[in-house]
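The structure appears below as structure tokens.
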Amino acid sequence: MRVKTVYRAGMRISEWVQGYTSSVEHDTVIAREVVEAAMLHVTMLRESRLLDEETACRLLGALEALRREPGRLIEAMRGYEDIHEALEAVLEELAGREAARSFPLARSRNDHVAMALRLWGLRMLERICREAVGLAETLLRRSEELADAPFPLHTHFQPAQVGTAGHWLASYAEAVIDALGVLAEVGEVTARCTLGSGPAAGTTVPVDRSACPLPPAADTLYATGSRLFANLAIASLAALATELSRFAADVVLLSHPSIGAVRLPDELVSTSSAMPHKRNPVVAEVLRARAARLAGLAAAALAVNHGLPSGYSLDLQEENPVYYQALRDALEALEAARLLAEKLEVDPEAIKRMVEGGAVLTSLEAAEKLTLEKRVPFRDAYMEVAEAVRGSGSINQPSIREVIMSRASLGAAGPGLRPAIRLLRERLSSARERCSKLTRLLASVEERIEEGVGKCRS
Ligand code: ARG
């Protein structure tokens with residue numbers, strides 16, 4: 001029969017308090033990483049000669065079984081304060097009482113929860129980075145493909161200027177690529193080792209922290225009491241998702257039948273149970289809402305930390321589910337955006353329909369033409385065009401094609417678009433390089449764990 005080891009043994013605690021303050025409900029998310037943190041800890045104790053081989057191997061064997069099948073740990077968690085407490089009890093069963101009782105040497109839940117959160121965060125950020133690279137690639141590929149497809153550009157969501165669909169899509173590619181650089185940086189800040197930091201001020205046990213495969217957090221108080229790594233991730237992902245919500249809003253608005261510049265294929269729309277003509281842009285809608293929720297999660301995460309004194313407080317536990325939700329939502333937002341970017345269709349005739357319906361998208365170019373060709377000072381040219389478009393004068397509006405072909409700006413539809421796409425491709429390749437550093441960091445953790453288990457077999 002299992003011995004229930006609880007830290008509060010002998011202390012009377014109400015069931016309500018136990019339930020209210022426990023994190024077991026959401027600890028399931030980081031079960032694998034909690035076990036991995038424990039394995040790195042055992043490896044560190046072993047390499048510091050603080051555990052004998054047999055004890056280390058008993059623990060690593062039990063932990064490896066839990067790593068492969070965290071269900072056992074998750075099942076055992078009910079009734080405990082948290083997963084770290086439950087793990088000690090499960091270890092008693094799987095590795096024997098003596099080994100399990102040596103495990104907590106030089107370990108605190110504060111350094112272990114930070115380590116597990118960082119491992120989970122690194123794993124997620126690595127996936128998020130790869131997904132963001134995929135999205136940027138898709139946007140750039142479609143941007144090239146649609147480089148010359150006329151497309152209405154808006155300001156204030158009023159018809160503004162002529163662009164191309166490629167031009168429009170590249171604007172989101174640039175946002176994703178810029179955010180990628182920040183995410184890779186956040187991934188590196190996340191990938192720090194907190195083991196051996198104790199509850200706050202470290203330990204008197206001579207653990208060799210270099211046994212951990214990730215670079216150490218340099219200060220033990222920071223390692224155990226700060227969630228900056230999580231806050232940076234949530235905040236930067238909220239900012240990226242906010243950009244994606246604008247892409248989603250464009251898709252919703254521009255696919256409205258009265259504009260029809262974008263069309264979503266059947267597989268990406270849903271219909272109404274009452275109005276069979278409906279083609280609802282549901283993926284874009286959910287993306288937009290989840291991005292809004294992510295902004296709320298960023299506010300929640302910062303609020304938990306705001307004004308918190310240094311060192312671990314149980315308040316920090318309440319940020320954990322926010323962190324999980326935010327990173328999961330961000331990953332899905334990227335997947336949704338990629339699907340939209342991949343599959344959306346563009347109608348290059350939409351802009352013509354808008355112009356025929358009375359929309360003007362070339363007034364600036366008409367005025368520029370007067371200035372460039374007739375040397376009319378720009379403000380005078382502007383006034384002349386203004387009179388025409390406001391109804392009292394007449395002026396020849398340049399054609400859509402002519403406008404596109406004569407645009408001189410880098411990064412605008414026309415001759416400046418392809419060089420801009422090339423520039424973005426270069427930036428993307430350096431962002432991809434930085435993301436692959438996260439893949440290597442994660443691999444170094446997995447290798448160290450497997451090496452530790454492997455040594456026990458030989
Ligand atoms: N369950 C906590 C968390 O997820 C870790 C436990 C720290 N508890 C403590 N009493 N120091 O953040």
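Ordering of the structure tokens sets the chain letters (A, B, ...); residue numbers start at 1 within each chain; ligands are numbered from 1 in the order shown.
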Contact check, chain A to ligand 1, at most 8 Å, counting only C-alpha atoms and all ligand atoms, closest pairs as JSON lines:
```
{"residue": "A:Ser22", "atom": "CA", "partner": "ligand 1", "partner_atom_place_in_ligand_line": "1 (N)", "distance": 6.7}
{"residue": "A:Ser23", "atom": "CA", "partner": "ligand 1", "partner_atom_place_in_ligand_line": "1 (N)", "distance": 5.2}
{"residue": "A:Val24", "atom": "CA", "partner": "ligand 1", "partner_atom_place_in_ligand_line": "1 (N)", "distance": 7.6}
{"residue": "A:Asp27", "atom": "CA", "partner": "ligand 1", "partner_atom_place_in_ligand_line": "4 (O)", "distance": 7.0}
{"residue": "A:Glu81", "atom": "CA", "partner": "ligand 1", "partner_atom_place_in_ligand_line": "1 (N)", "distance": 6.9}
{"residue": "A:Asp82", "atom": "CA", "partner": "ligand 1", "partner_atom_place_in_ligand_line": "1 (N)", "distance": 5.0}
{"residue": "A:Ile83", "atom": "CA", "partner": "ligand 1", "partner_atom_place_in_ligand_line": "1 (N)", "distance": 7.1}
{"residue": "A:His84", "atom": "CA", "partner": "ligand 1", "partner_atom_place_in_ligand_line": "1 (N)", "distance": 7.3}
{"residue": "A:Ser108", "atom": "CA", "partner": "ligand 1", "partner_atom_place_in_ligand_line": "11 (N)", "distance": 7.6}
{"residue": "A:Arg109", "atom": "CA", "partner": "ligand 1", "partner_atom_place_in_ligand_line": "7 (C)", "distance": 5.1}
{"residue": "A:Asn110", "atom": "CA", "partner": "ligand 1", "partner_atom_place_in_ligand_line": "7 (C)", "distance": 5.2}
{"residue": "A:His112", "atom": "CA", "partner": "ligand 1", "partner_atom_place_in_ligand_line": "5 (C)", "distance": 8.0}
{"residue": "A:Val113", "atom": "CA", "partner": "ligand 1", "partner_atom_place_in_ligand_line": "5 (C)", "distance": 5.6}
{"residue": "A:Ala114", "atom": "CA", "partner": "ligand 1", "partner_atom_place_in_ligand_line": "12 (O)", "distance": 7.7}
{"residue": "A:Pro199", "atom": "CA", "partner": "ligand 1", "partner_atom_place_in_ligand_line": "11 (N)", "distance": 7.1}
{"residue": "A:Tyr312", "atom": "CA", "partner": "ligand 1", "partner_atom_place_in_ligand_line": "11 (N)", "distance": 6.7}
{"residue": "A:Ser313", "atom": "CA", "partner": "ligand 1", "partner_atom_place_in_ligand_line": "11 (N)", "distance": 7.0}
{"residue": "A:Leu314", "atom": "CA", "partner": "ligand 1", "partner_atom_place_in_ligand_line": "12 (O)", "distance": 6.1}
{"residue": "A:Asp315", "atom": "CA", "partner": "ligand 1", "partner_atom_place_in_ligand_line": "12 (O)", "distance": 7.8}
{"residue": "A:Leu316", "atom": "CA", "partner": "ligand 1", "partner_atom_place_in_ligand_line": "12 (O)", "distance": 5.6}
{"residue": "A:Gln317", "atom": "CA", "partner": "ligand 1", "partner_atom_place_in_ligand_line": "12 (O)", "distance": 3.5}
{"residue": "A:Glu318", "atom": "CA", "partner": "ligand 1", "partner_atom_place_in_ligand_line": "12 (O)", "distance": 7.3}
{"residue": "A:Asn320", "atom": "CA", "partner": "ligand 1", "partner_atom_place_in_ligand_line": "4 (O)", "distance": 6.7}
```
Write the residues you've just listed into a file as a compact mmCIF listing (two decimals), in the first residue's frame, and include N, CA, C and O atoms for each of them.
```txt
# COMPACT_ATOMS: atom_id res chain seq x y z
N SER A 22 -4.14 24.16 -4.04
CA SER A 22 -3.42 23.12 -4.78
C SER A 22 -3.29 23.49 -6.26
O SER A 22 -4.15 24.17 -6.83
N SER A 23 -2.21 23.02 -6.89
CA SER A 23 -2.07 23.26 -8.33
C SER A 23 -2.24 21.99 -9.14
O SER A 23 -1.98 21.99 -10.34
N VAL A 24 -2.68 20.90 -8.48
CA VAL A 24 -2.68 19.62 -9.22
C VAL A 24 -3.51 19.64 -10.49
O VAL A 24 -3.16 18.99 -11.47
N ASP A 27 -1.23 21.15 -13.00
CA ASP A 27 0.13 20.57 -13.03
C ASP A 27 0.25 19.45 -14.07
O ASP A 27 1.35 19.15 -14.54
N GLU A 81 -0.77 18.49 -2.62
CA GLU A 81 -0.72 19.93 -2.81
C GLU A 81 -0.32 20.25 -4.25
O GLU A 81 -0.86 21.13 -4.89
N ASP A 82 0.65 19.51 -4.73
CA ASP A 82 1.04 19.70 -6.12
C ASP A 82 1.78 18.48 -6.65
O ASP A 82 2.00 17.50 -5.94
N ILE A 83 2.15 18.57 -7.91
CA ILE A 83 2.77 17.43 -8.59
C ILE A 83 4.13 17.08 -7.99
O ILE A 83 4.53 15.92 -7.98
N HIS A 84 4.81 18.08 -7.44
CA HIS A 84 6.15 17.83 -6.89
C HIS A 84 6.05 16.97 -5.63
O HIS A 84 6.86 16.07 -5.40
N SER A 108 14.33 22.15 -4.03
CA SER A 108 13.16 22.78 -3.45
C SER A 108 12.10 22.76 -4.55
O SER A 108 12.43 22.69 -5.74
N ARG A 109 10.84 22.81 -4.14
CA ARG A 109 9.83 22.89 -5.19
C ARG A 109 9.99 24.18 -5.98
O ARG A 109 9.63 24.25 -7.15
N ASN A 110 10.54 25.21 -5.33
CA ASN A 110 10.65 26.49 -6.04
C ASN A 110 11.62 26.42 -7.21
O ASN A 110 11.35 26.96 -8.28
N HIS A 112 12.43 23.60 -8.68
CA HIS A 112 11.94 22.59 -9.61
C HIS A 112 10.75 23.06 -10.43
O HIS A 112 10.65 22.74 -11.62
N VAL A 113 9.87 23.83 -9.83
CA VAL A 113 8.73 24.30 -10.63
C VAL A 113 9.25 25.28 -11.70
O VAL A 113 8.81 25.25 -12.85
N ALA A 114 10.22 26.10 -11.31
CA ALA A 114 10.79 27.03 -12.30
C ALA A 114 11.44 26.25 -13.43
O ALA A 114 11.28 26.58 -14.61
N PRO A 199 15.27 27.05 -2.31
CA PRO A 199 14.00 27.78 -2.29
C PRO A 199 14.17 29.25 -2.66
O PRO A 199 13.27 29.87 -3.21
N TYR A 312 9.95 33.54 -4.18
CA TYR A 312 8.73 32.83 -4.58
C TYR A 312 7.56 33.17 -3.67
O TYR A 312 7.69 33.22 -2.44
N SER A 313 6.41 33.44 -4.27
CA SER A 313 5.14 33.53 -3.54
C SER A 313 4.17 32.62 -4.26
O SER A 313 4.28 32.44 -5.49
N LEU A 314 3.21 32.08 -3.53
CA LEU A 314 2.29 31.14 -4.17
C LEU A 314 1.45 31.82 -5.27
O LEU A 314 0.90 31.16 -6.13
N ASP A 315 1.43 33.14 -5.25
CA ASP A 315 0.77 33.88 -6.35
C ASP A 315 1.28 33.37 -7.70
O ASP A 315 0.52 33.27 -8.67
N LEU A 316 2.58 33.07 -7.76
CA LEU A 316 3.19 32.69 -9.03
C LEU A 316 2.57 31.41 -9.60
O LEU A 316 2.47 31.24 -10.81
N GLN A 317 2.13 30.54 -8.70
CA GLN A 317 1.48 29.31 -9.14
C GLN A 317 0.25 29.64 -10.00
O GLN A 317 -0.08 28.92 -10.93
N GLU A 318 -0.42 30.73 -9.65
CA GLU A 318 -1.64 31.09 -10.36
C GLU A 318 -1.37 31.61 -11.77
O GLU A 318 -2.28 31.76 -12.57
N ASN A 320 0.68 29.92 -13.72
CA ASN A 320 1.00 28.75 -14.55
C ASN A 320 -0.08 28.44 -15.60
O ASN A 320 0.25 28.33 -16.79
```
Closest pair table for segment 133-155 of chain A residues within 7 Å of segment 161-182 of chain A, only C-alpha atoms, as a tab-separated table:
```
residue	atom	partner	partner_atom	distance
A:Ala136	CA	A:Ala173	CA	5.0
A:Leu139	CA	A:Ala173	CA	5.6
A:Leu140	CA	A:Ala170	CA	6.1
A:Arg142	CA	A:Gly166	CA	6.7
A:Ser143	CA	A:Gly166	CA	3.7
A:Glu144	CA	A:Gly166	CA	6.0
A:Leu146	CA	A:Gly166	CA	4.6
A:Ala147	CA	A:Gly166	CA	4.1
A:Asp148	CA	A:Thr164	CA	5.7
A:Ala149	CA	A:Thr164	CA	5.0
A:Pro150	CA	A:Thr164	CA	4.2
A:Phe151	CA	A:Thr164	CA	4.4
A:Pro152	CA	A:Val162	CA	5.2
A:Leu153	CA	A:Gln161	CA	5.2
A:His154	CA	A:Gln161	CA	6.7
```
Same residues, C-alpha atoms, output as a PDB file, in the first residue's frame:
```
ATOM      1  CA  ALA A 136       6.314  33.414 -42.793  1.00  0.00           C
ATOM      2  CA  LEU A 139       3.086  34.250 -46.613  1.00  0.00           C
ATOM      3  CA  LEU A 140       6.188  34.968 -48.685  1.00  0.00           C
ATOM      4  CA  ARG A 142       1.876  33.418 -51.664  1.00  0.00           C
ATOM      5  CA  SER A 143       3.124  36.965 -51.768  1.00  0.00           C
ATOM      6  CA  GLU A 144       5.368  36.134 -54.700  1.00  0.00           C
ATOM      7  CA  LEU A 146       0.188  37.127 -56.017  1.00  0.00           C
ATOM      8  CA  ALA A 147       2.786  39.880 -56.463  1.00  0.00           C
ATOM      9  CA  ASP A 148       0.914  41.394 -59.404  1.00  0.00           C
ATOM     10  CA  ALA A 149      -2.701  40.660 -58.462  1.00  0.00           C
ATOM     11  CA  PRO A 150      -4.399  44.061 -57.936  1.00  0.00           C
ATOM     12  CA  PHE A 151      -5.816  44.393 -54.454  1.00  0.00           C
ATOM     13  CA  PRO A 152      -7.480  47.269 -52.589  1.00  0.00           C
ATOM     14  CA  LEU A 153      -5.556  48.718 -49.655  1.00  0.00           C
ATOM     15  CA  HIS A 154      -7.420  50.545 -46.943  1.00  0.00           C
TER      16      HIS A 154
END
```
Contact residues around Pro159 of chain A with only C-alpha atoms at 12 Å, ignoring same-chain residues under 3 positions, as an mmCIF file with N, CA and C atoms, in the first residue's frame:
```
data_model
loop_
_atom_site.group_PDB
_atom_site.id
_atom_site.type_symbol
_atom_site.label_atom_id
_atom_site.label_comp_id
_atom_site.auth_asym_id
_atom_site.auth_seq_id
_atom_site.Cartn_x
_atom_site.Cartn_y
_atom_site.Cartn_z
ATOM 1 N N PHE A 151 -5.139 44.635 -55.733
ATOM 2 C CA PHE A 151 -5.816 44.393 -54.454
ATOM 3 C C PHE A 151 -6.043 45.736 -53.790
ATOM 4 N N PRO A 152 -7.224 45.959 -53.213
ATOM 5 C CA PRO A 152 -7.480 47.269 -52.589
ATOM 6 C C PRO A 152 -6.801 47.369 -51.219
ATOM 7 N N LEU A 153 -6.130 48.481 -50.984
ATOM 8 C CA LEU A 153 -5.556 48.718 -49.655
ATOM 9 C C LEU A 153 -6.370 49.818 -48.978
ATOM 10 N N HIS A 154 -6.563 49.631 -47.690
ATOM 11 C CA HIS A 154 -7.420 50.545 -46.943
ATOM 12 C C HIS A 154 -6.648 51.301 -45.879
ATOM 13 N N THR A 155 -7.123 52.494 -45.567
ATOM 14 C CA THR A 155 -6.777 53.119 -44.282
ATOM 15 C C THR A 155 -8.125 53.539 -43.700
ATOM 16 N N HIS A 156 -8.243 53.476 -42.381
ATOM 17 C CA HIS A 156 -9.541 53.730 -41.728
ATOM 18 C C HIS A 156 -10.621 52.804 -42.268
ATOM 19 N N VAL A 162 -4.190 51.622 -54.364
ATOM 20 C CA VAL A 162 -4.082 50.377 -55.101
ATOM 21 C C VAL A 162 -2.828 49.638 -54.636
ATOM 22 N N GLY A 163 -2.993 48.378 -54.346
ATOM 23 C CA GLY A 163 -1.827 47.546 -54.051
ATOM 24 C C GLY A 163 -1.962 46.261 -54.813
ATOM 25 N N LEU A 254 -12.635 41.582 -46.088
ATOM 26 C CA LEU A 254 -12.400 41.585 -47.544
ATOM 27 C C LEU A 254 -13.083 40.419 -48.240
ATOM 28 N N ILE A 259 -17.349 43.258 -51.199
ATOM 29 C CA ILE A 259 -15.978 43.571 -51.625
ATOM 30 C C ILE A 259 -15.428 42.406 -52.450
ATOM 31 N N ALA A 350 -11.724 42.460 -58.048
ATOM 32 C CA ALA A 350 -12.515 43.129 -57.000
ATOM 33 C C ALA A 350 -12.261 44.634 -57.007
ATOM 34 N N ILE A 351 -11.018 45.008 -57.194
ATOM 35 C CA ILE A 351 -10.669 46.430 -57.136
ATOM 36 C C ILE A 351 -11.336 47.195 -58.287
ATOM 37 N N MET A 354 -14.805 47.822 -57.335
ATOM 38 C CA MET A 354 -14.895 48.920 -56.377
ATOM 39 C C MET A 354 -14.832 50.264 -57.097
ATOM 40 N N VAL A 355 -13.912 50.366 -58.064
ATOM 41 C CA VAL A 355 -13.747 51.625 -58.797
ATOM 42 C C VAL A 355 -15.003 51.918 -59.616
ATOM 43 N N GLY A 357 -17.873 51.038 -58.931
ATOM 44 C CA GLY A 357 -18.943 51.402 -57.992
ATOM 45 C C GLY A 357 -18.718 52.790 -57.400
ATOM 46 N N GLY A 358 -17.676 53.480 -57.822
ATOM 47 C CA GLY A 358 -17.473 54.859 -57.380
ATOM 48 C C GLY A 358 -16.330 55.066 -56.405
ATOM 49 N N ALA A 359 -15.686 53.978 -55.961
ATOM 50 C CA ALA A 359 -14.574 54.162 -55.019
ATOM 51 C C ALA A 359 -13.365 54.739 -55.769
ATOM 52 N N VAL A 360 -12.654 55.634 -55.108
ATOM 53 C CA VAL A 360 -11.440 56.196 -55.708
ATOM 54 C C VAL A 360 -10.257 55.656 -54.918
ATOM 55 N N LEU A 361 -9.261 55.099 -55.619
ATOM 56 C CA LEU A 361 -8.081 54.579 -54.915
ATOM 57 C C LEU A 361 -6.799 55.149 -55.503
ATOM 58 N N THR A 362 -6.975 56.151 -56.402
ATOM 59 C CA THR A 362 -5.787 56.623 -57.120
ATOM 60 C C THR A 362 -5.630 58.138 -57.050
ATOM 61 N N SER A 363 -6.273 58.769 -56.065
ATOM 62 C CA SER A 363 -6.219 60.237 -56.053
ATOM 63 C C SER A 363 -4.816 60.749 -55.750
#
```
Could you find all residues in segment 186-406 of chain A that DSSP calls strand (DSSP E or B) from the backbone, and write them as a list in words?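 Matching residues, listed in order: Cys193, Pro216, Val262, Arg263, Ser270, Asn280, Glu345 and Val346 of chain A.
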Give me a file of those residues, with N, CA and C atoms, as a short mmCIF file (atom, residue, chain, number, x, y, z; two decimals), in the first residue's frame.
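Dumped to result27.cif:
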```cif
data_model
loop_
_atom_site.label_atom_id
_atom_site.label_comp_id
_atom_site.auth_asym_id
_atom_site.auth_seq_id
_atom_site.Cartn_x
_atom_site.Cartn_y
_atom_site.Cartn_z
N CYS A 193 18.97 27.00 -16.61
CA CYS A 193 18.83 25.97 -15.60
C CYS A 193 18.69 26.63 -14.21
N PRO A 216 23.16 28.14 -16.69
CA PRO A 216 22.46 28.38 -15.43
C PRO A 216 21.88 29.78 -15.35
N VAL A 262 -11.18 38.81 -51.30
CA VAL A 262 -10.67 37.53 -50.81
C VAL A 262 -11.83 36.54 -50.85
N ARG A 263 -11.50 35.30 -51.16
CA ARG A 263 -12.52 34.25 -51.07
C ARG A 263 -11.89 33.07 -50.36
N SER A 270 -17.86 27.94 -42.68
CA SER A 270 -18.94 27.14 -42.14
C SER A 270 -20.22 27.82 -42.60
N ASN A 280 -19.53 31.52 -43.62
CA ASN A 280 -18.98 32.26 -42.48
C ASN A 280 -17.48 31.99 -42.32
N GLU A 345 -8.15 32.60 -51.50
CA GLU A 345 -8.10 32.92 -52.92
C GLU A 345 -8.32 34.42 -53.04
N VAL A 346 -7.76 34.97 -54.14
CA VAL A 346 -7.85 36.41 -54.33
C VAL A 346 -8.55 36.68 -55.65
#
```
I want to know what sits within 8 Å of Cys456 of chain A, based on only C-alpha atoms, with residues of the same chain fewer than 4 positions away left out; could you give that as a count of residues only? 3
Shell of 12 Å around Ala89 of chain A, only C-alpha atoms, local chain residues under 5 positions omitted, as an mmCIF file with N, CA, C and O atoms, in the first residue's frame:
```
data_model
loop_
_atom_site.group_PDB
_atom_site.id
_atom_site.type_symbol
_atom_site.label_atom_id
_atom_site.label_comp_id
_atom_site.auth_asym_id
_atom_site.auth_seq_id
_atom_site.Cartn_x
_atom_site.Cartn_y
_atom_site.Cartn_z
ATOM 1 N N MET A 1 0.834 -1.208 0.000
ATOM 2 C CA MET A 1 0.000 0.000 0.000
ATOM 3 C C MET A 1 0.871 1.261 0.000
ATOM 4 O O MET A 1 1.941 1.274 0.601
ATOM 5 N N ARG A 2 0.382 2.230 -0.702
ATOM 6 C CA ARG A 2 1.196 3.431 -0.846
ATOM 7 C C ARG A 2 1.227 4.263 0.443
ATOM 8 O O ARG A 2 0.215 4.493 1.082
ATOM 9 N N VAL A 3 2.437 4.709 0.764
ATOM 10 C CA VAL A 3 2.599 5.596 1.924
ATOM 11 C C VAL A 3 2.330 6.991 1.394
ATOM 12 O O VAL A 3 2.916 7.394 0.398
ATOM 13 N N LYS A 4 1.479 7.709 2.042
ATOM 14 C CA LYS A 4 1.220 9.069 1.561
ATOM 15 C C LYS A 4 2.178 10.031 2.257
ATOM 16 O O LYS A 4 2.064 10.316 3.434
ATOM 17 N N THR A 5 3.162 10.495 1.468
ATOM 18 C CA THR A 5 4.111 11.449 2.033
ATOM 19 C C THR A 5 3.578 12.854 1.785
ATOM 20 O O THR A 5 3.361 13.240 0.646
ATOM 21 N N VAL A 6 3.337 13.606 2.812
ATOM 22 C CA VAL A 6 2.948 15.008 2.603
ATOM 23 C C VAL A 6 3.848 15.898 3.441
ATOM 24 O O VAL A 6 4.270 15.529 4.529
ATOM 25 N N TYR A 7 4.154 17.066 2.889
ATOM 26 C CA TYR A 7 5.029 17.987 3.624
ATOM 27 C C TYR A 7 4.356 18.469 4.897
ATOM 28 O O TYR A 7 4.990 18.820 5.860
ATOM 29 N N ALA A 62 12.906 4.727 -12.255
ATOM 30 C CA ALA A 62 11.513 5.046 -11.920
ATOM 31 C C ALA A 62 11.058 6.294 -12.679
ATOM 32 O O ALA A 62 9.949 6.342 -13.236
ATOM 33 N N ARG A 72 0.677 7.641 -14.749
ATOM 34 C CA ARG A 72 0.813 7.070 -13.407
ATOM 35 C C ARG A 72 0.949 8.180 -12.358
ATOM 36 O O ARG A 72 0.352 8.131 -11.291
ATOM 37 N N LEU A 73 1.747 9.177 -12.712
ATOM 38 C CA LEU A 73 1.958 10.303 -11.803
ATOM 39 C C LEU A 73 0.692 11.152 -11.717
ATOM 40 O O LEU A 73 0.273 11.583 -10.635
ATOM 41 N N ALA A 76 -1.868 9.713 -9.556
ATOM 42 C CA ALA A 76 -1.537 9.740 -8.130
ATOM 43 C C ALA A 76 -1.684 11.127 -7.514
ATOM 44 O O ALA A 76 -1.626 11.294 -6.295
ATOM 45 N N MET A 77 -1.870 12.133 -8.380
ATOM 46 C CA MET A 77 -1.776 13.512 -7.880
ATOM 47 C C MET A 77 -2.930 13.966 -6.991
ATOM 48 O O MET A 77 -2.765 14.863 -6.163
ATOM 49 N N ARG A 78 -4.090 13.357 -7.197
ATOM 50 C CA ARG A 78 -5.262 13.808 -6.437
ATOM 51 C C ARG A 78 -4.991 13.791 -4.928
ATOM 52 O O ARG A 78 -4.402 12.850 -4.410
ATOM 53 N N GLY A 79 -5.372 14.846 -4.265
ATOM 54 C CA GLY A 79 -5.210 14.885 -2.813
ATOM 55 C C GLY A 79 -3.882 15.474 -2.373
ATOM 56 O O GLY A 79 -3.652 15.691 -1.181
ATOM 57 N N TYR A 80 -2.975 15.707 -3.331
ATOM 58 C CA TYR A 80 -1.693 16.323 -2.967
ATOM 59 C C TYR A 80 -1.756 17.821 -3.220
ATOM 60 O O TYR A 80 -2.603 18.305 -3.967
ATOM 61 N N GLU A 81 -0.771 18.486 -2.624
ATOM 62 C CA GLU A 81 -0.723 19.930 -2.813
ATOM 63 C C GLU A 81 -0.320 20.248 -4.250
ATOM 64 O O GLU A 81 -0.861 21.133 -4.887
ATOM 65 N N ASP A 82 0.652 19.507 -4.727
ATOM 66 C CA ASP A 82 1.038 19.702 -6.122
ATOM 67 C C ASP A 82 1.778 18.480 -6.649
ATOM 68 O O ASP A 82 2.001 17.501 -5.940
ATOM 69 N N ILE A 83 2.152 18.567 -7.906
ATOM 70 C CA ILE A 83 2.767 17.433 -8.593
ATOM 71 C C ILE A 83 4.129 17.077 -7.986
ATOM 72 O O ILE A 83 4.530 15.916 -7.981
ATOM 73 N N HIS A 84 4.812 18.076 -7.443
ATOM 74 C CA HIS A 84 6.150 17.827 -6.885
ATOM 75 C C HIS A 84 6.048 16.967 -5.629
ATOM 76 O O HIS A 84 6.863 16.071 -5.399
ATOM 77 N N LEU A 94 7.898 3.454 -6.607
ATOM 78 C CA LEU A 94 8.591 2.911 -7.782
ATOM 79 C C LEU A 94 10.087 2.674 -7.557
ATOM 80 O O LEU A 94 10.668 1.788 -8.166
ATOM 81 N N ALA A 95 10.715 3.500 -6.720
ATOM 82 C CA ALA A 95 12.167 3.370 -6.560
ATOM 83 C C ALA A 95 12.535 2.856 -5.168
ATOM 84 O O ALA A 95 13.708 2.623 -4.881
ATOM 85 N N GLY A 96 11.542 2.723 -4.330
ATOM 86 C CA GLY A 96 11.815 2.265 -2.960
ATOM 87 C C GLY A 96 11.981 3.458 -2.036
ATOM 88 O O GLY A 96 12.423 4.540 -2.456
ATOM 89 N N ARG A 97 11.640 3.235 -0.766
ATOM 90 C CA ARG A 97 11.607 4.323 0.196
ATOM 91 C C ARG A 97 12.967 4.994 0.361
ATOM 92 O O ARG A 97 13.076 6.224 0.376
ATOM 93 N N GLU A 98 14.010 4.177 0.406
ATOM 94 C CA GLU A 98 15.328 4.753 0.704
ATOM 95 C C GLU A 98 15.803 5.707 -0.409
ATOM 96 O O GLU A 98 16.216 6.838 -0.135
ATOM 97 N N ALA A 99 15.681 5.243 -1.636
ATOM 98 C CA ALA A 99 16.095 6.088 -2.769
ATOM 99 C C ALA A 99 15.231 7.340 -2.823
ATOM 100 O O ALA A 99 15.741 8.458 -2.981
ATOM 101 N N ALA A 100 13.922 7.147 -2.663
ATOM 102 C CA ALA A 100 13.002 8.278 -2.762
ATOM 103 C C ALA A 100 13.291 9.333 -1.693
ATOM 104 O O ALA A 100 13.141 10.527 -1.927
ATOM 105 N N ARG A 101 13.755 8.874 -0.539
ATOM 106 C CA ARG A 101 14.025 9.810 0.560
ATOM 107 C C ARG A 101 15.331 10.576 0.348
ATOM 108 O O ARG A 101 15.585 11.595 1.000
ATOM 109 N N PHE A 103 16.125 11.640 -2.722
ATOM 110 C CA PHE A 103 15.864 12.502 -3.878
ATOM 111 C C PHE A 103 15.779 13.996 -3.567
ATOM 112 O O PHE A 103 16.355 14.816 -4.292
ATOM 113 N N PRO A 104 15.097 14.403 -2.473
ATOM 114 C CA PRO A 104 14.915 15.858 -2.275
ATOM 115 C C PRO A 104 16.153 16.608 -1.795
ATOM 116 O O PRO A 104 16.079 17.818 -1.563
#
```
For Leu331 of chain A: contacts at 12 Å, only C-alpha atoms, fewer than 4 positions along chain excluded, given as number ranges by chain: A: 121, 123-135, 233-234, 237-238, 240-241, 244, 287, 290-291, 294, 324-327, 335-338
Find the residues near segment 37-48 of chain A: any atom within 9 Å, counting only C-alpha atoms, skip ones fewer than 3 places away on the same chain, and give them as a VMD selection string. chain A and resid 32 to 34 51 to 53 55 to 57 59 to 60 63 to 64 103 105 to 107 112 to 113 115 to 116 119 195 to 196 206 to 213 445 448 to 449 452 to 453
Report the distance between atom CA of Ala388 of chain A and atom CA of Ala367 of chain A in Å, rounded to one decimal place. 10.8 Å
